[in-house]
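S.K.: Next comes run.txt, compact mmCIF, C-alpha atoms:
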# COMPACT_ATOMS: atom_id res chain seq x y z
CA MET A 1 85.14 13.93 59.03
CA THR A 2 82.25 14.86 56.73
CA SER A 3 78.95 13.08 57.37
CA THR A 4 77.09 11.58 54.42
CA PRO A 5 73.46 12.83 54.09
CA ASP A 6 70.71 10.25 54.06
CA PRO A 7 69.24 9.30 50.64
CA ALA A 8 66.02 11.30 51.12
CA THR A 9 67.93 14.49 51.96
CA ALA A 10 70.34 13.94 49.10
CA ALA A 11 67.48 13.46 46.65
CA GLU A 12 65.77 16.66 47.84
CA LEU A 13 69.01 18.63 47.54
CA GLU A 14 69.53 17.30 44.04
CA ALA A 15 65.96 18.28 43.10
CA LEU A 16 66.51 21.79 44.48
CA ARG A 17 69.76 22.16 42.53
CA ALA A 18 68.00 21.08 39.34
CA GLU A 19 65.16 23.55 40.01
CA VAL A 20 67.61 26.41 40.60
CA ALA A 21 69.51 25.54 37.43
CA ARG A 22 66.27 25.45 35.42
CA LEU A 23 65.10 28.79 36.78
CA GLN A 24 68.49 30.34 36.04
CA ALA A 25 68.31 29.01 32.50
CA GLU A 26 64.83 30.48 32.09
CA GLY A 27 66.03 33.79 33.43
CA GLN A 28 68.91 33.82 30.99
CA GLY A 29 66.46 32.88 28.24
CA ARG A 30 64.49 36.11 28.57
CA ARG A 31 65.21 38.28 25.58
CA THR A 32 65.24 42.06 25.38
CA GLY A 33 63.76 44.29 22.72
CA TRP A 34 60.70 46.55 22.83
CA TRP A 35 59.32 44.98 19.67
CA ARG A 36 59.06 41.44 21.07
CA PRO A 37 55.88 41.88 23.19
CA VAL A 38 54.32 43.99 20.43
CA VAL A 39 54.85 41.40 17.71
CA SER A 40 53.88 38.55 20.02
CA GLY A 41 50.71 40.39 21.07
CA VAL A 42 49.71 41.06 17.46
CA LEU A 43 50.19 37.40 16.54
CA ILE A 44 48.11 36.28 19.52
CA LEU A 45 45.38 38.76 18.56
CA LEU A 46 45.34 37.36 15.03
CA LEU A 47 45.11 33.89 16.55
CA ALA A 48 42.03 34.91 18.55
CA VAL A 49 40.37 36.29 15.42
CA LEU A 50 41.23 33.45 13.02
CA LEU A 51 40.68 30.47 15.33
CA PRO A 52 36.84 30.74 15.32
CA LEU A 53 36.97 31.22 11.55
CA GLY A 54 39.05 28.06 11.31
CA VAL A 55 36.45 26.08 13.25
CA VAL A 56 33.62 27.44 11.08
CA ALA A 57 35.64 26.80 7.92
CA ARG A 58 36.14 23.20 8.97
CA TRP A 59 32.40 22.86 9.52
CA VAL A 60 31.58 24.39 6.14
CA HIS A 61 33.99 22.09 4.36
CA ASN A 62 32.86 18.92 6.13
CA GLU A 63 29.14 19.56 5.82
CA VAL A 64 29.54 20.06 2.07
CA ALA A 65 32.31 17.63 1.14
CA ASP A 66 31.31 14.65 3.32
CA THR A 67 27.89 13.21 2.50
CA ASP A 68 27.91 10.75 5.40
CA ARG A 69 28.64 13.52 7.88
CA TYR A 70 25.87 15.68 6.45
CA VAL A 71 23.39 12.82 6.68
CA GLU A 72 24.54 12.18 10.23
CA SER A 73 23.73 15.79 11.07
CA ILE A 74 20.34 15.78 9.41
CA GLU A 75 19.23 12.25 10.41
CA PRO A 76 17.75 13.14 13.85
CA LEU A 77 15.36 15.61 12.22
CA ALA A 78 13.29 12.72 10.82
CA GLN A 79 12.38 11.77 14.40
CA ASP A 80 12.21 15.26 15.85
CA PRO A 81 8.61 15.98 16.98
CA ALA A 82 8.83 19.64 15.96
CA ILE A 83 9.92 18.79 12.41
CA GLN A 84 7.30 16.06 12.15
CA ASP A 85 4.54 18.42 13.30
CA ALA A 86 5.66 21.04 10.79
CA VAL A 87 5.62 18.53 7.91
CA VAL A 88 2.22 17.12 8.97
CA SER A 89 0.70 20.60 9.24
CA LYS A 90 1.99 21.85 5.89
CA VAL A 91 1.08 18.69 3.96
CA THR A 92 -2.42 18.47 5.52
CA THR A 93 -3.14 22.14 4.85
CA GLU A 94 -1.97 21.88 1.26
CA ILE A 95 -4.08 18.78 0.52
CA MET A 96 -7.19 20.23 2.15
CA THR A 97 -6.73 23.46 0.21
CA ARG A 98 -6.58 21.53 -3.04
CA LEU A 99 -9.55 19.26 -2.15
CA GLN A 100 -11.85 22.25 -1.46
CA VAL A 101 -14.24 20.09 0.56
CA GLU A 102 -16.53 22.95 1.59
CA ALA A 103 -16.86 24.18 -2.00
CA VAL A 104 -17.64 20.67 -3.27
CA THR A 105 -20.25 20.21 -0.53
CA GLN A 106 -21.86 23.54 -1.35
CA GLU A 107 -22.04 22.63 -5.03
CA ALA A 108 -23.74 19.34 -4.14
CA VAL A 109 -26.26 21.14 -1.92
CA ASP A 110 -27.02 23.68 -4.65
CA ALA A 111 -27.48 20.91 -7.21
CA LEU A 112 -29.87 19.04 -4.93
CA ALA A 113 -31.79 22.24 -4.23
CA GLU A 114 -32.30 22.77 -7.96
CA LEU A 115 -33.83 19.29 -8.11
CA GLY A 116 -36.47 20.28 -5.60
CA LEU A 117 -34.76 19.41 -2.28
CA PRO A 118 -36.97 20.48 0.65
CA PRO A 119 -35.73 23.70 2.35
CA LEU A 120 -35.18 21.95 5.70
CA ALA A 121 -32.99 19.31 4.07
CA ALA A 122 -31.02 21.95 2.17
CA THR A 123 -30.44 23.92 5.39
CA SER A 124 -29.31 20.77 7.20
CA LEU A 125 -26.81 19.93 4.48
CA ASN A 126 -25.42 23.46 4.61
CA ALA A 127 -24.97 23.12 8.37
CA LEU A 128 -23.15 19.81 7.91
CA SER A 129 -20.60 21.17 5.42
CA THR A 130 -18.22 22.52 8.09
CA PRO A 131 -18.28 19.39 10.32
CA LEU A 132 -17.79 17.30 7.21
CA SER A 133 -14.76 19.37 6.19
CA ASN A 134 -13.28 19.08 9.70
CA ALA A 135 -13.80 15.33 9.71
CA ILE A 136 -12.08 14.94 6.35
CA SER A 137 -9.25 17.22 7.53
CA GLY A 138 -8.76 15.07 10.61
CA PHE A 139 -8.80 11.93 8.48
CA VAL A 140 -6.17 13.37 6.12
CA GLU A 141 -4.00 14.55 9.02
CA ASP A 142 -4.08 11.09 10.60
CA LYS A 143 -2.89 9.52 7.36
CA VAL A 144 -0.14 12.11 6.97
CA ARG A 145 1.06 11.55 10.54
CA GLU A 146 1.08 7.79 10.04
CA ILE A 147 3.48 8.27 7.14
CA VAL A 148 5.67 10.89 8.81
CA GLU A 149 6.07 8.83 12.00
CA SER A 150 6.74 5.57 10.18
CA ASP A 151 10.10 3.97 9.52
CA ARG A 152 9.39 4.33 5.85
CA PHE A 153 9.44 8.11 6.13
CA GLN A 154 12.68 8.05 8.15
CA THR A 155 14.34 5.89 5.51
CA ALA A 156 13.02 8.12 2.75
CA TRP A 157 14.25 11.17 4.68
CA LEU A 158 17.81 9.85 4.76
CA GLU A 159 17.79 8.80 1.13
CA ALA A 160 16.31 12.12 0.06
CA ASN A 161 19.02 14.00 1.95
CA ARG A 162 21.74 11.87 0.41
CA GLN A 163 20.40 12.67 -3.03
CA ALA A 164 19.95 16.29 -2.03
CA HIS A 165 23.57 16.69 -0.95
CA ALA A 166 24.79 17.77 -4.36
CA GLN A 167 21.87 20.16 -4.64
CA LEU A 168 22.65 21.62 -1.22
CA VAL A 169 26.10 22.44 -2.52
CA ALA A 170 24.35 24.32 -5.29
CA VAL A 171 22.30 26.15 -2.66
CA LEU A 172 25.42 27.43 -0.92
CA THR A 173 26.89 28.47 -4.24
CA GLY A 174 23.66 30.26 -5.20
CA GLU A 175 22.37 27.76 -7.75
CA GLY A 176 18.94 26.14 -7.46
CA SER A 177 17.81 22.59 -8.15
CA GLU A 178 14.68 20.47 -8.37
CA LEU A 179 14.92 19.13 -4.83
CA VAL A 180 16.22 22.22 -3.06
CA ASP A 181 14.96 25.57 -4.20
CA VAL A 182 16.72 28.91 -3.71
CA SER A 183 14.58 31.90 -4.58
CA ASP A 184 13.66 35.22 -2.98
CA ASN A 185 16.53 34.75 -0.48
CA THR A 186 15.03 31.52 0.88
CA VAL A 187 16.18 27.92 1.12
CA ALA A 188 13.33 25.37 0.92
CA ILE A 189 13.11 21.57 0.75
CA ASN A 190 10.58 20.05 -1.63
CA LEU A 191 7.84 18.02 0.14
CA GLY A 192 6.25 16.83 -3.10
CA PRO A 193 7.31 13.18 -2.61
CA VAL A 194 5.67 13.17 0.83
CA ILE A 195 2.40 14.44 -0.64
CA ASP A 196 2.49 11.76 -3.35
CA GLU A 197 2.85 9.10 -0.65
CA VAL A 198 -0.07 10.59 1.28
CA LYS A 199 -2.27 10.58 -1.79
CA LEU A 200 -1.59 6.89 -2.34
CA ARG A 201 -2.34 6.13 1.30
CA LEU A 202 -5.64 8.06 1.15
CA VAL A 203 -6.74 6.27 -2.01
CA ASP A 204 -5.89 2.90 -0.45
CA SER A 205 -8.09 3.89 2.51
CA GLY A 206 -11.08 4.44 0.22
CA PHE A 207 -10.81 8.23 -0.18
CA ASP A 208 -10.87 8.24 -4.00
CA LEU A 209 -11.16 12.03 -4.19
CA ALA A 210 -7.46 12.31 -3.26
CA GLY A 211 -6.51 10.41 -6.41
CA GLN A 212 -7.90 13.25 -8.52
CA LEU A 213 -5.46 15.76 -7.08
CA PRO A 214 -2.79 17.00 -9.50
CA ALA A 215 0.93 16.94 -8.69
CA ILE A 216 1.60 19.31 -5.79
CA ASP A 217 4.89 21.16 -5.37
CA LEU A 218 5.15 22.06 -1.67
CA GLN A 219 8.25 23.66 -0.15
CA LEU A 220 9.37 23.51 3.49
CA THR A 221 11.37 26.68 4.07
CA VAL A 222 14.31 26.17 6.42
CA PHE A 223 16.15 29.46 5.88
CA GLN A 224 15.03 32.93 4.87
CA SER A 225 17.17 36.05 5.00
CA ASP A 226 18.01 39.13 3.00
CA ASP A 227 21.71 38.37 3.54
CA ILE A 228 21.82 34.98 1.84
CA ALA A 229 24.09 36.39 -0.88
CA THR A 230 26.56 37.43 1.82
CA ALA A 231 26.32 33.98 3.38
CA GLN A 232 27.07 32.38 0.01
CA SER A 233 30.14 34.58 -0.42
CA ALA A 234 31.31 33.71 3.09
CA PHE A 235 30.85 30.02 2.31
CA ARG A 236 33.09 30.24 -0.72
CA VAL A 237 35.82 32.02 1.24
CA LEU A 238 35.66 29.69 4.25
CA ASN A 239 35.56 26.57 2.12
CA GLY A 240 38.66 27.78 0.31
CA LEU A 241 40.50 28.56 3.56
CA ASN A 242 39.70 25.24 5.21
CA THR A 243 43.13 23.73 4.49
CA ALA A 244 45.24 26.86 4.94
CA LEU A 245 43.76 28.18 8.18
CA PRO A 246 44.94 25.36 10.50
CA ILE A 247 48.51 25.80 9.23
CA VAL A 248 48.30 29.57 9.67
CA LEU A 249 46.98 29.13 13.23
CA LEU A 250 49.88 26.83 14.17
CA LEU A 251 52.36 29.30 12.68
CA LEU A 252 50.79 32.13 14.67
CA VAL A 253 51.19 30.20 17.93
CA ALA A 254 54.77 29.24 17.09
CA GLY A 255 55.64 32.78 16.04
CA ALA A 256 54.09 34.38 19.12
CA VAL A 257 56.03 32.03 21.41
CA ALA A 258 59.28 32.32 19.46
CA VAL A 259 59.56 36.12 19.51
CA ALA A 260 58.21 36.73 23.02
CA ARG A 261 60.45 37.78 25.88
CA SER A 262 59.03 34.98 28.01
CA ARG A 263 58.08 32.02 25.86
CA ARG A 264 56.22 30.30 28.65
CA ARG A 265 54.12 33.36 29.38
CA ALA A 266 53.40 33.82 25.66
CA LEU A 267 52.26 30.19 25.36
CA ILE A 268 49.97 30.52 28.36
CA THR A 269 48.52 33.78 27.01
CA ALA A 270 47.98 32.30 23.54
CA MET A 271 46.15 29.29 24.97
CA LEU A 272 43.96 31.37 27.29
CA VAL A 273 43.12 33.76 24.46
CA SER A 274 42.24 30.78 22.25
CA ALA A 275 39.97 29.39 24.97
CA ALA A 276 38.29 32.78 25.29
CA SER A 277 37.73 32.92 21.52
CA MET A 278 35.99 29.53 21.70
CA LEU A 279 33.70 30.83 24.43
CA LEU A 280 32.90 33.86 22.28
CA LEU A 281 32.19 31.54 19.35
CA GLY A 282 29.68 29.69 21.51
CA VAL A 283 28.03 32.99 22.43
CA ALA A 284 27.96 33.99 18.75
CA LEU A 285 26.25 30.70 17.81
CA ASN A 286 23.52 31.34 20.37
CA ALA A 287 23.12 34.93 19.18
CA PHE A 288 22.91 33.89 15.52
CA ARG A 289 20.34 31.29 16.52
CA VAL A 290 18.03 34.12 17.56
CA VAL A 291 18.71 35.94 14.27
CA TYR A 292 17.99 32.77 12.30
CA LEU A 293 14.71 32.12 14.11
CA ASP A 294 13.59 35.72 13.62
CA ALA A 295 14.39 35.53 9.90
CA ILE A 296 11.85 32.74 9.27
CA PRO A 297 8.16 33.69 9.68
CA VAL A 298 6.25 31.41 12.04
CA GLU A 299 3.65 30.69 9.37
CA THR A 300 6.44 29.46 7.07
CA LEU A 301 8.19 27.24 9.61
CA PRO A 302 7.26 26.97 13.32
CA THR A 303 9.88 28.31 15.71
CA ASP A 304 10.50 24.98 17.43
CA ALA A 305 11.04 23.25 14.07
CA ALA A 306 13.42 25.96 12.92
CA ALA A 307 15.32 25.67 16.22
CA ALA A 308 15.63 21.90 15.79
CA PHE A 309 17.00 22.35 12.27
CA TYR A 310 19.52 24.98 13.39
CA ASP A 311 20.75 22.97 16.39
CA ASN A 312 21.33 19.89 14.26
CA MET A 313 23.21 21.82 11.60
CA VAL A 314 25.67 23.52 13.99
CA TRP A 315 26.36 20.53 16.25
CA PHE A 316 29.75 20.02 14.55
CA ILE A 317 30.85 23.57 15.43
CA ARG A 318 29.86 23.12 19.06
CA LEU A 319 31.63 19.75 19.08
CA ASN A 320 34.92 21.25 17.92
CA LEU A 321 34.86 24.38 20.04
CA ARG A 322 34.41 22.29 23.19
CA ALA A 323 37.33 20.05 22.24
CA ILE A 324 39.58 23.03 21.49
CA LEU A 325 38.48 24.71 24.72
CA VAL A 326 39.55 21.67 26.76
CA LEU A 327 42.83 21.28 24.87
CA THR A 328 43.91 24.92 25.14
CA LEU A 329 43.08 25.13 28.85
CA THR A 330 45.07 21.94 29.44
CA ILE A 331 48.12 23.26 27.58
CA ALA A 332 47.90 26.53 29.51
CA PHE A 333 47.76 24.62 32.80
CA VAL A 334 50.75 22.43 31.92
CA ALA A 335 52.77 25.47 30.87
CA TRP A 336 51.86 27.24 34.11
CA VAL A 337 52.49 24.33 36.47
CA SER A 338 55.95 23.75 34.97
CA GLY A 339 56.88 27.41 35.41
CA PRO A 340 58.84 29.27 38.12
CA GLY A 341 55.86 30.73 40.00
CA SER A 342 55.62 30.11 43.74
CA ASN A 343 52.18 28.47 43.47
CA ALA A 344 53.34 26.23 40.62
CA LEU A 345 56.48 25.35 42.56
CA ALA A 346 54.44 24.48 45.66
CA LEU A 347 52.14 22.28 43.55
CA ARG A 348 55.09 20.45 42.01
CA ARG A 349 56.67 19.91 45.42
CA GLY A 350 53.43 18.55 46.80
CA THR A 351 53.07 16.23 43.83
CA SER A 352 56.68 15.10 44.22
CA ARG A 353 56.12 14.32 47.91
CA ALA A 354 52.97 12.35 47.04
CA ILE A 355 54.88 10.34 44.41
CA ASP A 356 57.74 9.70 46.88
CA TRP A 357 55.17 8.54 49.43
CA GLY A 358 53.71 6.18 46.86
CA ARG A 359 57.14 4.81 46.03
CA GLY A 360 57.86 4.32 49.72
CA GLY A 361 54.58 2.48 50.17
CA GLY A 362 55.48 0.17 47.31
CA ALA A 363 58.88 -0.49 48.86
CA ARG A 364 57.29 -1.23 52.23
CA VAL A 365 55.12 -3.96 50.71
CA GLY A 366 58.09 -5.42 48.86
CA LEU A 367 57.58 -3.85 45.42
CA ASN A 368 60.86 -3.35 43.61
CA THR A 369 60.80 -2.63 39.88
CA GLY A 370 64.49 -3.46 39.55
CA ARG A 371 66.13 -2.87 36.19
CA PHE A 372 62.82 -1.83 34.64
CA GLY A 373 62.50 0.97 37.20
CA VAL A 374 66.08 2.04 36.54
CA PHE A 375 65.34 2.15 32.81
CA LEU A 376 62.24 4.30 33.41
CA ASP A 377 64.25 6.69 35.58
CA ALA A 378 67.09 6.99 33.10
CA ASN A 379 64.76 7.61 30.15
CA ARG A 380 62.07 9.58 31.97
CA THR A 381 62.22 12.63 29.68
CA MET A 382 62.07 10.58 26.50
CA ILE A 383 59.13 8.55 27.81
CA ARG A 384 57.22 11.71 28.74
CA VAL A 385 57.75 13.09 25.24
CA VAL A 386 56.53 9.82 23.68
CA VAL A 387 53.38 9.66 25.84
CA LEU A 388 52.46 13.29 25.21
CA GLY A 389 53.31 12.94 21.51
CA LEU A 390 51.03 9.91 21.16
CA ALA A 391 48.22 11.75 22.93
CA LEU A 392 48.62 14.70 20.55
CA LEU A 393 48.74 12.34 17.56
CA LEU A 394 45.53 10.58 18.62
CA TYR A 395 43.82 13.94 19.08
CA ALA A 396 44.94 15.13 15.64
CA MET A 397 43.83 11.90 13.92
CA ALA A 398 40.37 11.82 15.52
CA ASP A 399 37.58 12.69 13.09
CA HIS A 400 35.44 14.43 15.70
CA PRO A 401 37.44 15.07 18.90
CA THR A 402 34.72 15.97 21.38
CA GLY A 403 35.32 17.64 24.72
CA GLY A 404 34.74 14.31 26.47
CA PHE A 405 37.18 12.53 24.14
CA THR A 406 39.81 15.20 24.81
CA ILE A 407 39.38 14.97 28.58
CA THR A 408 39.57 11.17 28.47
CA LEU A 409 42.69 11.28 26.33
CA LEU A 410 44.38 13.73 28.69
CA LEU A 411 43.41 11.72 31.77
CA VAL A 412 44.84 8.53 30.23
CA ALA A 413 48.09 10.35 29.42
CA ALA A 414 48.24 11.77 32.95
CA VAL A 415 47.67 8.34 34.52
CA LEU A 416 50.39 6.81 32.35
CA LEU A 417 52.85 9.52 33.37
CA LEU A 418 51.93 9.04 37.02
CA ILE A 419 52.46 5.27 36.79
CA ILE A 420 55.85 5.88 35.17
CA GLU A 421 56.82 8.21 38.02
CA LEU A 422 55.75 5.64 40.62
CA LEU A 423 57.61 2.79 38.95
CA ALA A 424 60.80 4.72 38.17
CA ARG A 425 63.68 4.04 40.58
CA PRO A 426 67.12 5.60 40.69
CA ALA A 427 69.89 3.06 40.35
CA ALA A 428 70.96 3.58 43.98
CA ASP A 429 67.42 2.93 45.30
CA ALA A 430 66.93 -0.10 43.08
CA ALA A 431 70.07 -1.69 44.49
CA GLU A 432 68.56 -1.77 48.02
CA PRO A 433 66.51 -4.81 49.07
CA ALA A 434 62.77 -4.43 49.57
CA ASP A 435 63.08 -4.54 53.38
CA GLY A 436 65.20 -1.42 53.38
CA VAL A 437 68.37 -3.16 54.71
CA PRO A 438 71.37 -1.99 52.70
CA PRO A 439 73.35 -4.63 50.85
CA PRO A 440 76.49 -5.91 52.52
CA PRO A 441 79.71 -4.06 51.68
CA ALA A 442 81.87 -5.44 48.97
CA PRO A 443 84.82 -7.42 50.28
CA GLY A 444 88.03 -5.44 50.56
CA PRO A 445 91.37 -6.45 49.20
CA SER A 446 92.90 -9.43 50.90
Could I get this file's structure written as structure tokens?

M.R.:
Amino acid sequence: MTSTPDPATAAELEALRAEVARLQAEGQGRRTGWWRPVVSGVLILLLAVLLPLGVVARWVHNEVADTDRYVESIEPLAQDPAIQDAVVSKVTTEIMTRLQVEAVTQEAVDALAELGLPPLAATSLNALSTPLSNAISGFVEDKVREIVESDRFQTAWLEANRQAHAQLVAVLTGEGSELVDVSDNTVAINLGPVIDEVKLRLVDSGFDLAGQLPAIDLQLTVFQSDDIATAQSAFRVLNGLNTALPIVLLLLVAGAVAVARSRRRALITAMLVSAASMLLLGVALNAFRVVYLDAIPVETLPTDAAAAFYDNMVWFIRLNLRAILVLTLTIAFVAWVSGPGSNALALRRGTSRAIDWGRGGGARVGLNTGRFGVFLDANRTMIRVVVLGLALLLYAMADHPTGGFTITLLLVAAVLLLIIELLARPAADAAEPADGVPPPPAPGPS
């Protein structure tokens, strides 16, 4: 007489049979042909090269086409101490240069001397010209800083950048404008409106000499390079490829996986290579930051102000590369853990034991999901596809999927899948009462 194995042993045997069948199917799925790894490798290499360009192209398109996003990037600069100090310094210097306080004082002293001013008095006035100039300079600087650090300046900064958005497009296409000037391979923002506000504030404070100043056209240089023409050409190309590159990248991944001898291995390689390309993009951003800072003379724009401007302008690139880095590493991990490797198999077995332990704990406390658990078990594959598909859809629809957003989304999906595994019950297990006592046998024929 053949003994019937207990349910736990039967379930483990069934799992082993399913694993062997899956591994055999994977083994049969390996294709031959010397060209397969070559073509797959070339497609993955193209993916590594084009993926960073796709991220940069997306940044170029969004910074130019979306005014709100551009303003969002530039808004923190109004409160950045380095930018404020740079604006205060340039505006104060320009106003003091135009006022020519020392020259005016000297002219007054000379005029008084011609009227018979005693020599001692003339010498004293000459000695006071420098302190007087410094005092006026400090007074002007205080008024400038009051404006730059006020809410009025921050509001004006945002409005000016909104109005400047169309002109900034002209900058990247090589055409100048009144607000943003492109000349001698430089990009500069006009500070004339700030100076006009300072002049009004000085006059209101009783410094009538400021009202005699003519209109001043002062530029704050934010970029200076001999390669700006190359940058403009690159902008045109990247902006044009913004829509096509994501499709090309998806086709490269699909093609590399489709032609490879081992599709799983090709997918893992493609994802790891993509993650590495994102790391290299981050390194390139830091390297170009040094090039950018070296291209702008300190007397034109202080280094800390230039660094603040650069960091705010490239935040979108860093945002996307972190999100893609998290996503590609997650896909690579899922592909690996579902593979035939001994370590992956050991991890799956350990996870399966932990889930079985959790189910047993629920049964011991009287938890029985009944027909709902049977439904989850019968439709487990479909439910997994739906959960993962929704996670991918939410990621694709997000405007700015950050690394934190991606991790949170993946964790939520993982928790949902774990809950489904804990609640799922085979029909045979669901038929047993919560106390583990099997149901009474059905009555036999009379």

S.K.: In Å to one decimal, how far is CA of Ile136 (chain A) from CA of Thr92 (chain A)?

M.R.: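 Interatomic distance here is 10.3 Å.
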
S.K.: Grab the CA of Thr32 (chain A) to CA of Arg263 (chain A) distance for me, in Å with one decimal place.

M.R.: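 About the pair CA of Thr32 (chain A) and CA of Arg263 (chain A): they are 12.3 Å apart.
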
S.K.: Can you pull out every residue within 7 Å of region 147-160 of chain A, counting only C-alpha atoms, but drop anything in the same chain fewer than 6 positions away, and send it as a VMD selection string?

M.R.: chain A and resid 71 75 78 84

S.K.: Save out the residues we just selected, C-alpha atoms, as a PDB file, in the frame of the given file.

M.R.:
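Okay, again.pdb is ready:
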ATOM      1  CA  VAL A  71      23.390  12.820   6.680  1.00  0.00           C
ATOM      2  CA  GLU A  75      19.230  12.250  10.410  1.00  0.00           C
ATOM      3  CA  ALA A  78      13.290  12.720  10.820  1.00  0.00           C
ATOM      4  CA  GLN A  84       7.300  16.060  12.150  1.00  0.00           C
TER       5      GLN A  84
END
